[in-house]
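Visitor: I'm passing along input.txt; it holds compact mmCIF, C-alpha atoms.
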# COMPACT_ATOMS: atom_id res chain seq x y z
CA MET A 1 -2.84 16.10 36.22
CA GLY A 2 -0.64 15.56 33.16
CA VAL A 3 -1.98 15.21 29.63
CA ALA A 4 -0.84 11.57 29.37
CA ARG A 5 -2.66 10.59 32.57
CA GLN A 6 -5.87 12.36 31.52
CA ILE A 7 -5.88 10.42 28.25
CA GLU A 8 -5.13 7.17 30.07
CA GLN A 9 -8.05 7.71 32.45
CA ARG A 10 -10.37 8.30 29.52
CA LEU A 11 -9.19 5.07 27.90
CA GLU A 12 -9.67 3.13 31.12
CA GLY A 13 -13.24 4.44 31.32
CA MET A 14 -14.07 3.00 27.90
CA VAL A 15 -14.22 -0.56 29.25
CA GLU A 16 -16.47 0.30 32.17
CA GLY A 17 -20.24 0.40 32.37
CA PHE A 18 -21.81 0.58 28.93
CA PHE A 19 -19.23 -1.60 27.12
CA SER A 20 -18.19 -3.96 29.91
CA ARG A 21 -20.91 -6.59 29.30
CA LEU A 22 -19.97 -7.07 25.66
CA PHE A 23 -16.18 -6.80 25.90
CA ARG A 24 -15.28 -9.45 28.46
CA SER A 25 -12.82 -11.18 26.10
CA GLY A 26 -11.08 -10.64 22.79
CA LEU A 27 -10.06 -7.22 21.52
CA GLN A 28 -10.81 -4.43 24.00
CA PRO A 29 -11.84 -0.86 23.08
CA VAL A 30 -9.05 0.47 25.31
CA GLU A 31 -6.46 -1.26 23.10
CA VAL A 32 -7.89 0.40 19.99
CA GLY A 33 -8.04 3.75 21.80
CA ARG A 34 -4.38 3.53 22.83
CA ARG A 35 -3.35 2.70 19.26
CA ILE A 36 -5.36 5.65 17.89
CA VAL A 37 -3.57 8.00 20.31
CA ARG A 38 -0.23 6.47 19.30
CA GLU A 39 -1.03 6.91 15.61
CA MET A 40 -1.76 10.58 16.27
CA ALA A 41 1.53 11.07 18.12
CA GLU A 42 3.69 9.16 15.63
CA ASN A 43 2.17 10.54 12.42
CA LYS A 44 2.25 14.29 12.92
CA THR A 45 2.67 16.34 9.74
CA VAL A 46 3.65 19.97 9.25
CA SER A 47 2.36 22.58 6.80
CA VAL A 48 2.77 26.34 6.99
CA ASN A 49 3.96 26.12 10.60
CA ARG A 50 0.95 24.13 11.77
CA VAL A 51 1.13 20.60 13.16
CA TYR A 52 -1.58 18.26 11.92
CA VAL A 53 -2.47 14.78 13.17
CA PRO A 54 -4.64 12.06 11.61
CA ASN A 55 -8.39 12.34 12.04
CA ASP A 56 -9.52 9.39 9.89
CA PHE A 57 -8.96 5.92 11.37
CA HIS A 58 -9.72 2.70 9.52
CA VAL A 59 -9.72 -0.17 12.05
CA ARG A 60 -9.38 -3.69 10.64
CA VAL A 61 -10.36 -6.53 12.99
CA GLY A 62 -10.93 -10.28 12.79
CA PRO A 63 -14.40 -11.84 12.24
CA GLU A 64 -15.20 -12.55 15.91
CA ASP A 65 -14.10 -9.13 17.14
CA HIS A 66 -15.87 -7.44 14.24
CA GLU A 67 -19.17 -9.01 15.26
CA ARG A 68 -18.84 -7.64 18.80
CA PHE A 69 -17.62 -4.21 17.68
CA ALA A 70 -20.38 -3.90 15.06
CA ALA A 71 -23.04 -4.37 17.76
CA MET A 72 -21.74 -1.28 19.58
CA GLU A 73 -20.27 0.62 16.63
CA ALA A 74 -22.18 3.88 17.12
CA GLY A 75 -21.21 4.12 20.81
CA LEU A 76 -17.59 3.26 20.09
CA GLN A 77 -17.38 5.81 17.29
CA ARG A 78 -18.72 8.49 19.64
CA GLU A 79 -16.18 7.59 22.34
CA PHE A 80 -13.25 7.48 19.91
CA THR A 81 -14.31 10.77 18.30
CA GLU A 82 -14.26 12.50 21.68
CA LEU A 83 -10.92 10.86 22.48
CA VAL A 84 -9.33 12.20 19.27
CA ILE A 85 -10.68 15.72 19.83
CA ASP A 86 -9.56 15.82 23.47
CA THR A 87 -6.10 14.44 22.65
CA ALA A 88 -5.60 17.00 19.89
CA LYS A 89 -6.73 19.89 22.12
CA GLN A 90 -4.53 18.87 25.03
CA ASN A 91 -1.46 18.59 22.80
CA ARG A 92 -2.29 21.67 20.68
CA TRP A 93 -2.42 19.58 17.52
CA ASN A 94 -4.63 20.50 14.57
CA LEU A 95 -7.30 18.33 12.93
CA MET A 96 -8.38 18.87 9.32
CA GLY A 97 -11.93 17.82 10.06
CA MET A 98 -14.13 15.89 12.44
CA PRO A 99 -12.67 12.53 13.49
CA ARG A 100 -13.88 9.48 11.59
CA VAL A 101 -13.53 5.93 12.88
CA SER A 102 -14.67 2.92 10.87
CA PHE A 103 -14.41 -0.82 11.48
CA GLU A 104 -13.81 -3.41 8.78
CA ARG A 105 -13.77 -7.19 8.97
CA ASP A 106 -10.46 -8.77 7.97
CA ASP A 107 -10.54 -12.56 7.75
CA THR A 108 -6.73 -12.75 7.93
CA LEU A 109 -6.76 -11.47 11.52
CA HIS A 110 -7.35 -13.65 14.57
CA LYS A 111 -9.21 -12.82 17.78
CA GLY A 112 -7.53 -9.93 19.55
CA GLN A 113 -5.53 -8.82 16.49
CA PHE A 114 -6.16 -5.54 14.68
CA ARG A 115 -4.58 -3.00 12.36
CA ILE A 116 -5.21 0.72 11.99
CA GLU A 117 -4.71 2.87 8.91
CA ALA A 118 -4.61 6.56 9.84
CA SER A 119 -5.02 9.42 7.39
CA LEU A 120 -5.80 13.12 7.18
CA SER A 121 -9.26 13.87 5.83
CA ALA A 122 -10.72 17.37 5.48
CA ASP A 123 -14.39 18.22 5.94
CA PRO A 124 -16.18 19.14 2.66
CA ASP A 125 -16.38 22.84 3.55
CA ALA A 126 -12.84 23.05 4.94
CA VAL A 127 -9.81 24.40 3.07
CA PRO A 128 -7.00 21.96 3.90
CA PRO A 129 -3.33 22.62 3.12
CA PRO A 130 -2.42 21.27 -0.34
CA ALA A 131 0.32 19.10 1.17
CA SER A 132 2.06 18.41 4.44
CA THR A 133 5.20 16.50 5.37
CA ARG A 134 5.97 14.28 8.33
CA GLN A 135 7.33 16.16 11.30
CA PRO A 136 11.06 15.38 11.50
CA SER A 137 12.40 13.48 14.48
CA GLU A 138 15.06 15.74 15.96
CA ALA A 139 16.71 12.59 17.33
CA ASP A 140 17.32 11.37 13.77
CA LEU A 141 17.07 14.14 11.18
CA SER A 142 18.74 11.88 8.60
CA ALA A 143 15.54 9.80 8.46
CA THR A 144 13.67 12.72 6.88
CA SER A 145 12.79 12.13 3.21
CA ALA A 146 10.76 15.27 2.44
CA ILE A 147 10.51 18.57 4.28
CA SER A 148 9.57 22.16 3.50
CA VAL A 149 12.53 24.17 2.24
CA THR A 150 12.02 26.68 5.06
CA GLU A 151 12.05 24.00 7.75
CA ALA A 152 15.05 22.26 6.15
CA GLY A 153 17.00 25.50 6.38
CA ARG A 154 16.03 25.99 10.03
CA LEU A 155 17.11 22.46 10.99
CA GLY A 156 20.20 22.39 8.77
CA ILE A 157 18.94 19.48 6.65
CA ARG A 158 20.61 19.32 3.25
CA GLY A 159 18.55 18.57 0.16
CA SER A 160 19.32 16.15 -2.63
CA GLY A 161 18.99 18.76 -5.36
CA ALA A 162 15.39 17.77 -6.11
CA ARG A 163 12.30 19.53 -4.81
CA LEU A 164 8.59 19.79 -5.41
CA GLU A 165 6.70 23.04 -5.89
CA ILE A 166 3.25 22.54 -4.39
CA LEU A 167 0.51 24.28 -6.37
CA HIS A 168 -2.88 25.55 -5.25
CA GLY A 169 -5.15 27.23 -7.76
CA GLY A 170 -2.25 27.24 -10.18
CA ASP A 171 0.02 29.22 -7.84
CA LYS A 172 3.01 27.92 -5.89
CA VAL A 173 2.23 27.84 -2.18
CA GLU A 174 5.12 25.81 -0.80
CA ASP A 175 8.47 24.27 -1.72
CA ILE A 176 9.24 20.77 -0.46
CA SER A 177 12.86 19.65 -0.43
CA ILE A 178 13.53 15.99 -1.24
CA THR A 179 16.32 14.87 1.06
CA ARG A 180 16.53 11.16 0.28
CA SER A 181 14.89 8.40 -1.75
CA PRO A 182 12.30 6.95 -1.86
CA VAL A 183 9.50 9.42 -1.07
CA THR A 184 5.97 8.07 -0.69
CA ILE A 185 3.01 10.26 -1.59
CA GLY A 186 -0.60 9.62 -0.58
CA ARG A 187 -3.46 10.18 1.85
CA LEU A 188 -2.16 8.01 4.71
CA SER A 189 -0.37 10.05 7.35
CA SER A 190 2.52 7.57 7.31
CA ASN A 191 3.51 8.83 3.84
CA ASP A 192 6.43 11.23 3.46
CA ILE A 193 4.19 13.72 1.63
CA VAL A 194 0.57 13.68 2.79
CA LEU A 195 -2.23 14.94 0.53
CA SER A 196 -5.62 15.51 2.18
CA ASP A 197 -7.38 14.93 -1.12
CA ASN A 198 -10.13 12.30 -1.24
CA ASN A 199 -9.25 11.61 -4.89
CA VAL A 200 -5.77 10.52 -3.82
CA SER A 201 -5.20 6.89 -2.79
CA ARG A 202 -3.86 5.97 0.63
CA ARG A 203 -0.49 5.11 -0.90
CA HIS A 204 -0.68 6.75 -4.29
CA ALA A 205 2.82 7.08 -5.75
CA GLU A 206 6.52 6.95 -4.99
CA LEU A 207 9.32 9.26 -6.06
CA ARG A 208 12.56 7.29 -6.50
CA ARG A 209 16.13 8.11 -7.35
CA GLU A 210 17.62 5.64 -9.81
CA GLY A 211 21.25 6.43 -10.49
CA ASP A 212 21.42 10.01 -11.77
CA ARG A 213 17.70 10.33 -12.55
CA TRP A 214 14.44 10.65 -10.62
CA VAL A 215 11.42 8.49 -11.44
CA ILE A 216 7.77 8.75 -10.38
CA VAL A 217 6.05 5.37 -9.92
CA ASP A 218 2.29 4.90 -9.51
CA LEU A 219 1.45 2.45 -6.70
CA ASP A 220 -1.72 1.02 -8.27
CA SER A 221 -3.68 4.10 -7.26
CA THR A 222 -7.40 4.33 -7.99
CA ASN A 223 -7.28 7.50 -10.11
CA GLY A 224 -3.76 7.16 -11.46
CA THR A 225 -0.73 9.43 -11.67
CA LEU A 226 -0.31 12.02 -14.41
CA VAL A 227 2.92 13.55 -15.72
CA ASN A 228 2.28 16.63 -17.86
CA GLY A 229 -1.34 15.59 -18.21
CA LYS A 230 -0.64 12.02 -19.34
CA LEU A 231 -1.46 8.94 -17.31
CA THR A 232 1.62 6.91 -16.42
CA ARG A 233 2.72 3.90 -14.42
CA GLU A 234 6.39 4.85 -14.27
CA HIS A 235 8.06 7.90 -15.75
CA PRO A 236 11.56 9.48 -15.55
CA LEU A 237 11.31 13.12 -14.54
CA SER A 238 12.85 16.28 -15.94
CA ASP A 239 12.99 19.74 -14.42
CA GLY A 240 9.60 21.44 -14.80
CA ASP A 241 7.48 18.30 -15.16
CA ARG A 242 3.97 18.74 -13.73
CA LEU A 243 2.69 15.91 -11.51
CA THR A 244 -0.99 15.35 -10.77
CA PHE A 245 -2.42 13.06 -8.07
CA GLY A 246 -6.21 13.33 -7.84
CA ARG A 247 -6.84 17.09 -7.69
CA SER A 248 -3.39 17.80 -6.23
CA GLU A 249 -0.70 19.30 -8.46
CA MET A 250 3.01 19.93 -8.07
CA ILE A 251 6.01 20.68 -10.25
CA PHE A 252 9.23 18.68 -10.08
CA ARG A 253 12.37 20.79 -9.87
CA LEU A 254 16.08 20.06 -10.09
CA GLY A 255 18.76 22.48 -9.02
CA GLY A 256 18.92 25.36 -6.58
CA GLU A 257 16.18 26.02 -4.05
CA ASP A 258 14.95 29.61 -4.19
Any chance you could put this one into structure tokens?
Guide:
Amino acid sequence: MGVARQIEQRLEGMVEGFFSRLFRSGLQPVEVGRRIVREMAENKTVSVNRVYVPNDFHVRVGPEDHERFAAMEAGLQREFTELVIDTAKQNRWNLMGMPRVSFERDDTLHKGQFRIEASLSADPDAVPPPASTRQPSEADLSATSAISVTEAGRLGIRGSGARLEILHGGDKVEDISITRSPVTIGRLSSNDIVLSDNNVSRRHAELRREGDRWVIVDLDSTNGTLVNGKLTREHPLSDGDRLTFGRSEMIFRLGGED
């Protein structure tokens, strides 16, 4: 039996037995499960030759659906947790920590509607990679905004002349080539550069090219963006500037990639 069919059978089983009495109408657990699997597949990131997928899922649902989901939240969380683990194992994807699924009421959503925000979240005792970048689509390499210098060379992706040196404990651990503007930075796995740092906002900052200069722009993050130790909302960058997002640090570079 193929991986896709095994996952589908698990999803089909979620609306049987235990949940069937409560979920006769409105949003169904199987719909949420399918979207979680899709978020994992579409938001893969790469760091040091390992492929990571989201493990933290924030599900926003309308008032009526939230009331039904809340009544069975513990059971649903258990089912979705097992689904994420099994999907990752079967596809040989890596998780940074145990899956987390939470439900939040959103009064702007109607019955049957929902949204999911997926992110990478490391367990407290885990040592996550300082940064990862979205896995390039080989069908459209030009859509890549940020990629490790090593991977860019392997795929023949040309840089823009700007790059970020990712620091860990004060030492450079990776070079990320900036291939086009803008580049989003944050905890959500849909960002171009993903930081598994709980002090980083879901969409924390954006690196933009404006004419012949690069600018870092804070996206109303909770803890702010620092350039050379100073809090900033928007700041033009020079070679060697140190950027800080939460506990994550990197150095902006212009010029050749060594």
Visitor: Considering all atoms listed in the file, return as a PDB file with C-alpha atoms, in the frame of the given file whatever protein or nucleic-acid residues lie within 10 Å of Asp123 in chain A, sequence-local ones (same chain, fewer than 3 positions apart) excluded.
Guide:
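The resulting around_12.pdb:
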ATOM      1  CA  LEU A  95      -7.300  18.330  12.930  1.00  0.00           C
ATOM      2  CA  MET A  96      -8.380  18.870   9.320  1.00  0.00           C
ATOM      3  CA  GLY A  97     -11.930  17.820  10.060  1.00  0.00           C
ATOM      4  CA  MET A  98     -14.130  15.890  12.440  1.00  0.00           C
ATOM      5  CA  PRO A  99     -12.670  12.530  13.490  1.00  0.00           C
ATOM      6  CA  ALA A 126     -12.840  23.050   4.940  1.00  0.00           C
ATOM      7  CA  VAL A 127      -9.810  24.400   3.070  1.00  0.00           C
ATOM      8  CA  PRO A 128      -7.000  21.960   3.900  1.00  0.00           C
ATOM      9  CA  SER A 196      -5.620  15.510   2.180  1.00  0.00           C
TER      10      SER A 196
END
Visitor: Please identify all polymer residues within 12 Å of Ala41 in chain A, counting all atoms listed in the file, omitting same-chain residues fewer than 3 positions from it, and present them as a ChimeraX atom specification.
Guide: /A:4,34-38,44-45,51-55,84,87-88,91-94,118,134-135,137,189-190
Visitor: Per residue of range 161-191 of chain A within 12 Å of range 212-229 of chain A, which atom pair is closest and at what distance in Å (one decimal), using only C-alpha atoms, listed by chain and increasing number, as a Markdown table?
Guide:
| residue | atom | partner | partner_atom | distance |
| --- | --- | --- | --- | --- |
| A:Gly161 | CA | A:Trp214 | CA | 10.7 |
| A:Ala162 | CA | A:Trp214 | CA | 8.5 |
| A:Arg163 | CA | A:Trp214 | CA | 10.8 |
| A:Ile178 | CA | A:Trp214 | CA | 10.8 |
| A:Arg180 | CA | A:Trp214 | CA | 11.1 |
| A:Ser181 | CA | A:Trp214 | CA | 9.2 |
| A:Pro182 | CA | A:Val215 | CA | 9.7 |
| A:Val183 | CA | A:Ile216 | CA | 9.5 |
| A:Thr184 | CA | A:Leu219 | CA | 9.4 |
| A:Ile185 | CA | A:Leu219 | CA | 9.5 |
| A:Gly186 | CA | A:Ser221 | CA | 9.2 |
| A:Arg187 | CA | A:Ser221 | CA | 11.0 |
Visitor: Could you please take those selected residues and save C-alpha atoms as a PDB file, in the coordinates of the input?
Guide:
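The new file selection.pdb reads:
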ATOM      1  CA  GLY A 161      18.990  18.760  -5.360  1.00  0.00           C
ATOM      2  CA  ALA A 162      15.390  17.770  -6.110  1.00  0.00           C
ATOM      3  CA  ARG A 163      12.300  19.530  -4.810  1.00  0.00           C
ATOM      4  CA  ILE A 178      13.530  15.990  -1.240  1.00  0.00           C
ATOM      5  CA  ARG A 180      16.530  11.160   0.280  1.00  0.00           C
ATOM      6  CA  SER A 181      14.890   8.400  -1.750  1.00  0.00           C
ATOM      7  CA  PRO A 182      12.300   6.950  -1.860  1.00  0.00           C
ATOM      8  CA  VAL A 183       9.500   9.420  -1.070  1.00  0.00           C
ATOM      9  CA  THR A 184       5.970   8.070  -0.690  1.00  0.00           C
ATOM     10  CA  ILE A 185       3.010  10.260  -1.590  1.00  0.00           C
ATOM     11  CA  GLY A 186      -0.600   9.620  -0.580  1.00  0.00           C
ATOM     12  CA  ARG A 187      -3.460  10.180   1.850  1.00  0.00           C
TER      13      ARG A 187
END
Visitor: Could you check the closest approach to Gln113 in chain A for each of A:Arg78, A:Lys172, A:Arg158, A:His66 and tell me which residue wins, using only C-alpha atoms?
Guide: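 The answer is A:His66, which sits nearest to Gln113 in chain A.
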Visitor: Take CA of Asn199 in chain A and CA of Ala70 in chain A and report the distance between them in Å, one decimal.
Guide: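 Value for the CA of Asn199 in chain A-CA of Ala70 in chain A distance: 27.6 Å.
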Visitor: Counting all atoms listed in the file, figure out which residue out of A:Pro129, A:Gly26, A:Gly33, A:Gly112 gets nearest to Ile193 in chain A.
Guide: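 That would be A:Pro129, the residue with the smallest distance to Ile193 in chain A.
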Visitor: Restricting the calculation to all atoms listed in the file, which member of A:Arg105, A:Lys89, A:Arg247, A:Arg203 is positioned closest to Gly170 in chain A?
Guide: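 Selected residue with least distance to Gly170 in chain A: A:Arg247.
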Visitor: Taking 2 positions as the minimum chain separation for residues in the same chain, which residues sit within 9 Å of Ser238 in chain A when counting all atoms listed in the file? Answer as a ChimeraX atom specification.
Guide: /A:213-214,236,240-241,252-254
Visitor: Could you put an axis-aligned box around every listed atom of range 65-71 of chain A, padded by 3 Å on each side, and send me its centre and edge lengths in Å to one decimal, as AutoDock Vina command-line options?
Guide:
--center_x -18.6 --center_y -6.5 --center_z 16.5 --size_x 14.9 --size_y 11.2 --size_z 10.6
Visitor: Output range 116-149 of chain A with N, CA and C atoms present, as a CSV table (one decimal), in the coordinates of the input.
Guide:
chain,number,residue,atom,x,y,z
A,116,ILE,N,-4.6,-0.6,12.2
A,116,ILE,CA,-5.2,0.7,12.0
A,116,ILE,C,-4.5,1.5,10.9
A,117,GLU,N,-5.2,2.0,9.9
A,117,GLU,CA,-4.7,2.9,8.9
A,117,GLU,C,-5.2,4.3,9.2
A,118,ALA,N,-4.3,5.2,9.4
A,118,ALA,CA,-4.6,6.6,9.8
A,118,ALA,C,-4.3,7.5,8.7
A,119,SER,N,-5.2,8.5,8.5
A,119,SER,CA,-5.0,9.4,7.4
A,119,SER,C,-5.6,10.8,7.8
A,120,LEU,N,-5.3,11.8,7.0
A,120,LEU,CA,-5.8,13.1,7.2
A,120,LEU,C,-6.9,13.3,6.2
A,121,SER,N,-8.1,13.7,6.7
A,121,SER,CA,-9.3,13.9,5.8
A,121,SER,C,-10.0,15.2,6.2
A,122,ALA,N,-10.1,16.1,5.2
A,122,ALA,CA,-10.7,17.4,5.5
A,122,ALA,C,-12.2,17.3,5.3
A,123,ASP,N,-13.0,18.1,6.1
A,123,ASP,CA,-14.4,18.2,5.9
A,123,ASP,C,-14.7,18.9,4.6
A,124,PRO,N,-15.9,18.6,4.0
A,124,PRO,CA,-16.2,19.1,2.7
A,124,PRO,C,-16.1,20.7,2.6
A,125,ASP,N,-16.4,21.4,3.6
A,125,ASP,CA,-16.4,22.8,3.6
A,125,ASP,C,-15.1,23.4,4.1
A,126,ALA,N,-14.1,22.6,4.4
A,126,ALA,CA,-12.8,23.0,4.9
A,126,ALA,C,-11.9,23.3,3.8
A,127,VAL,N,-10.9,24.1,4.1
A,127,VAL,CA,-9.8,24.4,3.1
A,127,VAL,C,-8.5,23.8,3.6
A,128,PRO,N,-8.2,22.6,3.3
A,128,PRO,CA,-7.0,22.0,3.9
A,128,PRO,C,-5.7,22.4,3.2
A,129,PRO,N,-4.6,22.3,3.8
A,129,PRO,CA,-3.3,22.6,3.1
A,129,PRO,C,-3.1,21.7,1.9
A,130,PRO,N,-2.6,22.1,0.8
A,130,PRO,CA,-2.4,21.3,-0.3
A,130,PRO,C,-1.6,20.0,-0.1
A,131,ALA,N,-0.6,20.2,0.8
A,131,ALA,CA,0.3,19.1,1.2
A,131,ALA,C,1.0,19.4,2.5
A,132,SER,N,1.3,18.3,3.2
A,132,SER,CA,2.1,18.4,4.4
A,132,SER,C,3.1,17.3,4.5
A,133,THR,N,4.1,17.5,5.3
A,133,THR,CA,5.2,16.5,5.4
A,133,THR,C,5.3,16.0,6.8
A,134,ARG,N,5.8,14.8,7.0
A,134,ARG,CA,6.0,14.3,8.3
A,134,ARG,C,6.9,15.1,9.2
A,135,GLN,N,6.5,15.4,10.4
A,135,GLN,CA,7.3,16.2,11.3
A,135,GLN,C,8.6,15.4,11.6
A,136,PRO,N,9.8,16.1,11.3
A,136,PRO,CA,11.1,15.4,11.5
A,136,PRO,C,11.3,15.0,13.0
A,137,SER,N,12.0,13.9,13.1
A,137,SER,CA,12.4,13.5,14.5
A,137,SER,C,13.7,14.1,14.7
A,138,GLU,N,13.8,15.0,15.7
A,138,GLU,CA,15.1,15.7,16.0
A,138,GLU,C,16.1,14.8,16.5
A,139,ALA,N,15.7,13.6,16.9
A,139,ALA,CA,16.7,12.6,17.3
A,139,ALA,C,17.4,11.9,16.1
A,140,ASP,N,16.7,12.0,15.0
A,140,ASP,CA,17.3,11.4,13.8
A,140,ASP,C,16.9,12.1,12.5
A,141,LEU,N,17.5,13.3,12.3
A,141,LEU,CA,17.1,14.1,11.2
A,141,LEU,C,17.4,13.5,9.9
A,142,SER,N,18.4,12.5,9.8
A,142,SER,CA,18.7,11.9,8.6
A,142,SER,C,17.6,11.0,8.1
A,143,ALA,N,16.6,10.7,8.9
A,143,ALA,CA,15.5,9.8,8.5
A,143,ALA,C,14.5,10.6,7.7
A,144,THR,N,14.6,11.9,7.6
A,144,THR,CA,13.7,12.7,6.9
A,144,THR,C,13.8,12.6,5.4
A,145,SER,N,12.7,12.3,4.7
A,145,SER,CA,12.8,12.1,3.2
A,145,SER,C,12.3,13.4,2.5
A,146,ALA,N,11.3,14.1,3.1
A,146,ALA,CA,10.8,15.3,2.4
A,146,ALA,C,10.4,16.3,3.5
A,147,ILE,N,10.7,17.5,3.3
A,147,ILE,CA,10.5,18.6,4.3
A,147,ILE,C,10.4,19.9,3.6
A,148,SER,N,9.7,20.8,4.1
A,148,SER,CA,9.6,22.2,3.5
A,148,SER,C,11.0,22.8,3.5
A,149,VAL,N,11.2,23.5,2.4
A,149,VAL,CA,12.5,24.2,2.2
A,149,VAL,C,12.8,25.1,3.4
